Amino acid sequence: MTAVICPRCAHETVDHVATSPVPGVWDVLSCGRCFYMWRTTEPERRTRRDAYPESFRLTPEAIAAAQEVPAVPPLRTAR
Amino acid sequence: MAYDDLRGFLDTLEREGQLLRVSDEVLPEPDLAAAANAAGRIGEGAPALWFDNVKGFTDARIVLNVHGSWPNHALALGLPKNTRTRDQVEEFARRWDDFPVTPERREDAPWRENTVEGPDADLFRVLPLFRLNDGDGGFYLDKAAVVSRDPDDPDDFGKQNVGVYRIEVLGPNRLAIQPVPVHDVAIHLRKAEERGEDLPIAITLGNDPVISIVAGMPMAYDESEYAMAGALRGAPAPIATAPLTGFDVPWGSEVVVEGVIEGRERRLEGPFGEFTGHYSGGRRMPVIRVDRISYRTDPIFESLYLGMPWTEIDYLVGPNTCVPVLKQLREEFPEVQAVNAMYTHGLLGIIATRKRYGGFARAVGMRAMTTPHGLGYLKVVIVVDEDVDPFDLRQVMWAVSAKVDPAVDVITIPNLPVVPLDPASSPPGIIAKLLIDATTPVFPDDRGHFGTPVRDLPETGEWVRRLQALRSEELP
Ligand SMILES: Cc1cc2nc3c(=O)[nH]c(=O)nc-3n(C[C@H](O)[C@H](O)[C@H](O)COP(=O)(O)O)c2cc1C
């Protein structure tokens, strides 16, 4: 079996998050970089890098440029 | 009939033929979301959907589309299931006048039956989580009533907020939340972050149907959602004290998740298919740490599918958006007859009003754009005469087609605020707004040839009754 990579951003560190209560049916995995989460039994368009739609893919640049919402406000200063 | 919990309401839905149990084995993805998506594509009156045979799970109980049709919304308010939409909105507005109704504190909350804490507080062990749409970044809790308090005024019951905010599961005890800056939880979070603190939070899942309606309703900052639930139910809302945060949470919740929004932290969230029928996301959002989960034995996981409208959310937030705008307009303009702001959470609204004098109708339309909800929504406002039913789109289109002179009755106002989620806004949060005055001009506005309208014949009312009677005789 080839190593699992993130379908969305192609990151190579993938965490194991959960396993099916019925043993061996599925696992839930999560990307260590973009936090994409998926279940191994989902359709290929959600689980395989080569089948993952272009429009949903994320690049390291897009991840780094992500805007903060809501913005963190300044701390109140003691008077 | 007031429901104290989700289970009681599901019993009624089932008795009324408005709950469909899917007993075949289904896959968590894509079946659960696709079925709920399909509920909005099978015509009027769709039922709630119940699943308890989901591959890989041993004891999942999942319900979707609980509010997802007019019959279900009527039953949620304790009305007969065939109540017309406009009548549901009017009854909602009438009950609003009973606000505030003091809630009733109870001790024996069923979610006290089971508790997991600290490292054992694993959401995956309590909830059968699943994905909704292809482009969603993960699994979401999107129908929870989230409770938080004002860190500067933690003892003020009215400022305690109950709201629905999309919540992405990042890990067994990690979540991300989307507080739109104008909403109350964002105000609470800002204050906590200014103080350099975390914001304690209680996420309540699987609630009685009125709690979901008030949690998604635009109310004033210091108005209690529980006191509004009491008015809408016609009985005090049952609440209980959450064990970790001490917050007031619904007595009847299936699951109560407690923890904190970690102050001054943000993490990549989304995207998520939103109520606009478009994805939004790829932004850095606040993060929640889960510390304690309380739950009923055999908890029911309630979720909501949303995608290309109409889906459940349009029914859930339809009437609860119309009524505040109607009430706020009527305070100053008693001429206002009805408001239909059910399109995309009120991005479009239709107002029926009598006219005090020429120009009055468009002034009412502009005022709607400056009501609290209208400020961030009401991008398109159509004003119609008092004899046009804004809930009957055939009549509305007649008014627009016959009454409007595009040279003067169509007004755009540039650069107004709108929810940043509006996919047409540019930059996000800024949009032009459109006012269509489809009312008949009145003195001194003497434009057009409207002096001789064709009215229903005086005998038509009697004939409506005769035809209806004849028809019902013919039916089996
Ligand atoms: C299903 C659903 C999902 C929602 N998601 C969000 C969200 O992610 N962020 C948000 O700020 N409001 C969201 N809302 C809208 C708020 O719940 C609603 O506007 C509410 O009136 C906010 O109340 P508040 O101003 O008291 O916080 C959602 C509503 C519903 C029904």
# chains A, B, ... in the order shown; residues from 1 in each chain; ligands from 1
call {"tool": "residues_near_ligand", "arguments": {"ligand": "ligand 1", "cutoff": "8 Å", "atoms": "only C-alpha atoms and all ligand atoms", "output": "ChimeraX atom specification"}}
result
/B:142-143,161-167,177-186,212-221,225,275,304,306,313,316-317
call {"tool": "residues_around", "arguments": {"residues": "Leu58 (chain A)", "least_positions_apart": "3", "cutoff": "8 Å", "atoms": "only C-alpha atoms", "output": "PyMOL selection string"}}
result
chain A and resi 8-9+34+62-63
call {"tool": "residues_around", "arguments": {"residues": "Arg49 (chain A)", "least_positions_apart": "3", "cutoff": "10 Å", "atoms": "only C-alpha atoms", "output": "list of chain:residue names"}}
result
A:Val4, A:Ile5, A:Cys6, A:Pro7, A:Arg8, A:Cys9, A:Ala10, A:Glu44, A:Arg45, A:Arg46, A:Tyr52, A:Pro53, A:Glu54, A:Arg57
call {"tool": "write_last_selection", "arguments": {"atoms": "N, CA, C and O atoms", "output": "mmCIF file, in the first residue's frame"}}
result
data_model
loop_
_atom_site.group_PDB
_atom_site.id
_atom_site.type_symbol
_atom_site.label_atom_id
_atom_site.label_comp_id
_atom_site.auth_asym_id
_atom_site.auth_seq_id
_atom_site.Cartn_x
_atom_site.Cartn_y
_atom_site.Cartn_z
ATOM 1 N N VAL A 4 -0.488 7.235 2.550
ATOM 2 C CA VAL A 4 -1.642 8.114 2.362
ATOM 3 C C VAL A 4 -1.179 9.564 2.378
ATOM 4 O O VAL A 4 -0.393 9.948 3.249
ATOM 5 N N ILE A 5 -1.630 10.362 1.415
ATOM 6 C CA ILE A 5 -1.375 11.806 1.468
ATOM 7 C C ILE A 5 -2.709 12.542 1.515
ATOM 8 O O ILE A 5 -3.756 11.970 1.211
ATOM 9 N N CYS A 6 -2.658 13.813 1.899
ATOM 10 C CA CYS A 6 -3.897 14.589 2.002
ATOM 11 C C CYS A 6 -4.491 14.810 0.608
ATOM 12 O O CYS A 6 -3.811 15.345 -0.269
ATOM 13 N N PRO A 7 -5.743 14.442 0.396
ATOM 14 C CA PRO A 7 -6.348 14.642 -0.928
ATOM 15 C C PRO A 7 -6.421 16.117 -1.301
ATOM 16 O O PRO A 7 -6.386 16.465 -2.476
ATOM 17 N N ARG A 8 -6.495 16.977 -0.304
ATOM 18 C CA ARG A 8 -6.737 18.393 -0.579
ATOM 19 C C ARG A 8 -5.454 19.180 -0.805
ATOM 20 O O ARG A 8 -5.388 20.022 -1.696
ATOM 21 N N CYS A 9 -4.413 18.940 0.032
ATOM 22 C CA CYS A 9 -3.201 19.775 -0.104
ATOM 23 C C CYS A 9 -1.941 18.953 -0.355
ATOM 24 O O CYS A 9 -0.852 19.512 -0.430
ATOM 25 N N ALA A 10 -2.084 17.614 -0.443
ATOM 26 C CA ALA A 10 -0.974 16.709 -0.765
ATOM 27 C C ALA A 10 0.079 16.619 0.342
ATOM 28 O O ALA A 10 1.163 16.073 0.130
ATOM 29 N N GLU A 44 -14.132 8.403 -3.952
ATOM 30 C CA GLU A 44 -12.753 8.780 -4.316
ATOM 31 C C GLU A 44 -12.590 10.276 -4.509
ATOM 32 O O GLU A 44 -11.530 10.832 -4.251
ATOM 33 N N ARG A 45 -13.642 10.945 -4.951
ATOM 34 C CA ARG A 45 -13.526 12.391 -5.178
ATOM 35 C C ARG A 45 -13.260 13.143 -3.874
ATOM 36 O O ARG A 45 -12.964 14.334 -3.885
ATOM 37 N N ARG A 46 -13.380 12.474 -2.751
ATOM 38 C CA ARG A 46 -13.088 13.112 -1.463
ATOM 39 C C ARG A 46 -11.867 12.512 -0.767
ATOM 40 O O ARG A 46 -11.429 13.041 0.245
ATOM 41 N N TYR A 52 -9.396 14.258 -6.445
ATOM 42 C CA TYR A 52 -9.927 15.388 -5.670
ATOM 43 C C TYR A 52 -10.082 16.613 -6.581
ATOM 44 O O TYR A 52 -9.128 16.997 -7.267
ATOM 45 N N PRO A 53 -11.254 17.242 -6.631
ATOM 46 C CA PRO A 53 -11.492 18.321 -7.609
ATOM 47 C C PRO A 53 -10.512 19.484 -7.453
ATOM 48 O O PRO A 53 -10.217 19.914 -6.333
ATOM 49 N N GLU A 54 -10.053 19.978 -8.587
ATOM 50 C CA GLU A 54 -9.133 21.123 -8.601
ATOM 51 C C GLU A 54 -9.668 22.285 -7.771
ATOM 52 O O GLU A 54 -8.943 22.930 -7.025
ATOM 53 N N ARG A 57 -8.929 22.151 -4.106
ATOM 54 C CA ARG A 57 -7.562 21.910 -3.626
ATOM 55 C C ARG A 57 -6.987 23.145 -2.928
ATOM 56 O O ARG A 57 -7.387 24.270 -3.227
#
call {"tool": "residues_around", "arguments": {"residues": "His73 (chain B)", "least_positions_apart": "5", "cutoff": "12 Å", "atoms": "only C-alpha atoms", "output": "PyMOL selection string"}}
result
chain B and resi 9+13+18+45-48+65-68+78-85+87-89+92+209-210+212-213+312-320
call {"tool": "write_last_selection", "arguments": {"atoms": "C-alpha atoms", "output": "mmCIF file, in the first residue's frame"}}
result
data_model
loop_
_atom_site.group_PDB
_atom_site.id
_atom_site.type_symbol
_atom_site.label_atom_id
_atom_site.label_comp_id
_atom_site.auth_asym_id
_atom_site.auth_seq_id
_atom_site.Cartn_x
_atom_site.Cartn_y
_atom_site.Cartn_z
ATOM 1 C CA PHE B 9 -41.266 16.211 18.760
ATOM 2 C CA LEU B 13 -43.730 13.992 13.474
ATOM 3 C CA GLN B 18 -43.774 13.566 8.829
ATOM 4 C CA GLY B 45 -44.177 18.710 2.693
ATOM 5 C CA ALA B 46 -40.980 16.654 2.999
ATOM 6 C CA PRO B 47 -40.594 14.571 6.171
ATOM 7 C CA ALA B 48 -37.754 14.426 8.683
ATOM 8 C CA ASN B 65 -34.523 17.612 7.992
ATOM 9 C CA VAL B 66 -36.475 18.005 11.240
ATOM 10 C CA HIS B 67 -37.598 21.556 10.301
ATOM 11 C CA GLY B 68 -37.333 20.972 6.565
ATOM 12 C CA GLY B 78 -47.770 23.297 17.738
ATOM 13 C CA LEU B 79 -49.949 24.322 14.756
ATOM 14 C CA PRO B 80 -51.890 21.967 12.459
ATOM 15 C CA LYS B 81 -49.533 20.650 9.810
ATOM 16 C CA ASN B 82 -51.501 22.149 6.917
ATOM 17 C CA THR B 83 -51.270 25.725 8.295
ATOM 18 C CA ARG B 84 -50.471 28.124 5.423
ATOM 19 C CA THR B 85 -47.004 29.698 5.490
ATOM 20 C CA ASP B 87 -50.566 32.090 8.773
ATOM 21 C CA GLN B 88 -47.546 30.463 10.441
ATOM 22 C CA VAL B 89 -45.694 33.775 10.208
ATOM 23 C CA PHE B 92 -45.385 33.590 15.166
ATOM 24 C CA PRO B 209 -37.730 22.364 17.885
ATOM 25 C CA VAL B 210 -38.400 25.836 19.278
ATOM 26 C CA SER B 212 -33.463 25.716 17.220
ATOM 27 C CA ILE B 213 -35.854 28.399 15.918
ATOM 28 C CA GLU B 312 -33.923 22.764 5.672
ATOM 29 C CA ILE B 313 -32.245 26.002 6.742
ATOM 30 C CA ASP B 314 -34.602 28.059 4.545
ATOM 31 C CA TYR B 315 -37.614 26.735 6.478
ATOM 32 C CA LEU B 316 -35.825 26.999 9.818
ATOM 33 C CA VAL B 317 -34.870 30.669 9.428
ATOM 34 C CA GLY B 318 -37.767 31.771 7.178
ATOM 35 C CA PRO B 319 -40.450 32.884 9.641
ATOM 36 C CA ASN B 320 -37.923 33.781 12.353
#
call {"tool": "select_by_dssp", "arguments": {"residues": "region 296-339 of chain B", "states": "strand (DSSP E or B)", "output": "list in words"}}
result
Phe301, Glu302, Ser303, Val336, Gln337, Ala338 and Val339 of chain B
call {"tool": "closest_residue", "arguments": {"among": "A:Thr47, A:Ser20, A:Thr59, A:Thr77", "to": "chain B", "atoms": "only C-alpha atoms"}}
result
A:Ser20
call {"tool": "interface_residues", "arguments": {"of": "chain A", "to": "chain B", "cutoff": "7 Å", "atoms": "only C-alpha atoms", "output": "NGL selection string"}}
result
:A and (17-18 or 20-22 or 25-26 or 34-38 or 42 or 46 or 56 or 66-70 or 72-76)
call {"tool": "write_last_selection", "arguments": {"atoms": "C-alpha atoms", "output": "compact mmCIF listing (two decimals), in the first residue's frame"}}
result
# COMPACT_ATOMS: atom_id res chain seq x y z
CA VAL A 17 -8.47 10.43 14.31
CA ALA A 18 -11.04 7.68 14.79
CA SER A 20 -15.25 2.53 13.16
CA PRO A 21 -17.06 1.04 16.17
CA VAL A 22 -17.51 -2.08 14.00
CA VAL A 25 -14.95 -0.87 8.36
CA TRP A 26 -13.45 2.61 8.16
CA CYS A 34 -4.71 21.94 6.21
CA PHE A 35 -6.83 19.93 8.73
CA TYR A 36 -8.91 18.36 5.94
CA MET A 37 -10.74 15.41 7.52
CA TRP A 38 -12.12 12.39 5.69
CA GLU A 42 -16.00 8.19 1.25
CA ARG A 46 -13.09 13.11 -1.46
CA PHE A 56 -11.34 22.46 -3.74
CA ALA A 66 -5.71 32.65 4.91
CA GLN A 67 -7.44 35.62 6.48
CA GLU A 68 -8.25 35.74 10.21
CA VAL A 69 -12.01 35.95 10.93
CA PRO A 70 -12.83 37.52 13.27
CA VAL A 72 -7.91 39.09 17.15
CA PRO A 73 -8.49 42.43 18.93
CA PRO A 74 -5.81 44.32 20.85
CA LEU A 75 -5.53 43.51 24.56
CA ARG A 76 -7.15 45.99 26.92
call {"tool": "residues_around", "arguments": {"residues": "Arg233 (chain B)", "least_positions_apart": "4", "cutoff": "9 Å", "atoms": "only C-alpha atoms", "output": "ChimeraX atom specification"}}
result
/B:1-3,76-78,95,210,228-229,237
call {"tool": "write_last_selection", "arguments": {"atoms": "C-alpha atoms", "output": "mmCIF file, in the first residue's frame"}}
result
data_model
loop_
_atom_site.group_PDB
_atom_site.id
_atom_site.type_symbol
_atom_site.label_atom_id
_atom_site.label_comp_id
_atom_site.auth_asym_id
_atom_site.auth_seq_id
_atom_site.Cartn_x
_atom_site.Cartn_y
_atom_site.Cartn_z
ATOM 1 C CA MET B 1 -48.476 21.683 22.391
ATOM 2 C CA ALA B 2 -45.005 22.489 23.712
ATOM 3 C CA TYR B 3 -42.206 19.939 23.287
ATOM 4 C CA ALA B 76 -42.781 22.647 15.651
ATOM 5 C CA LEU B 77 -44.940 25.604 16.660
ATOM 6 C CA GLY B 78 -47.770 23.297 17.738
ATOM 7 C CA ARG B 95 -46.873 34.968 20.052
ATOM 8 C CA VAL B 210 -38.400 25.836 19.278
ATOM 9 C CA MET B 228 -38.524 34.089 23.475
ATOM 10 C CA ALA B 229 -38.775 30.289 23.341
ATOM 11 C CA ALA B 237 -38.788 27.009 28.352
#
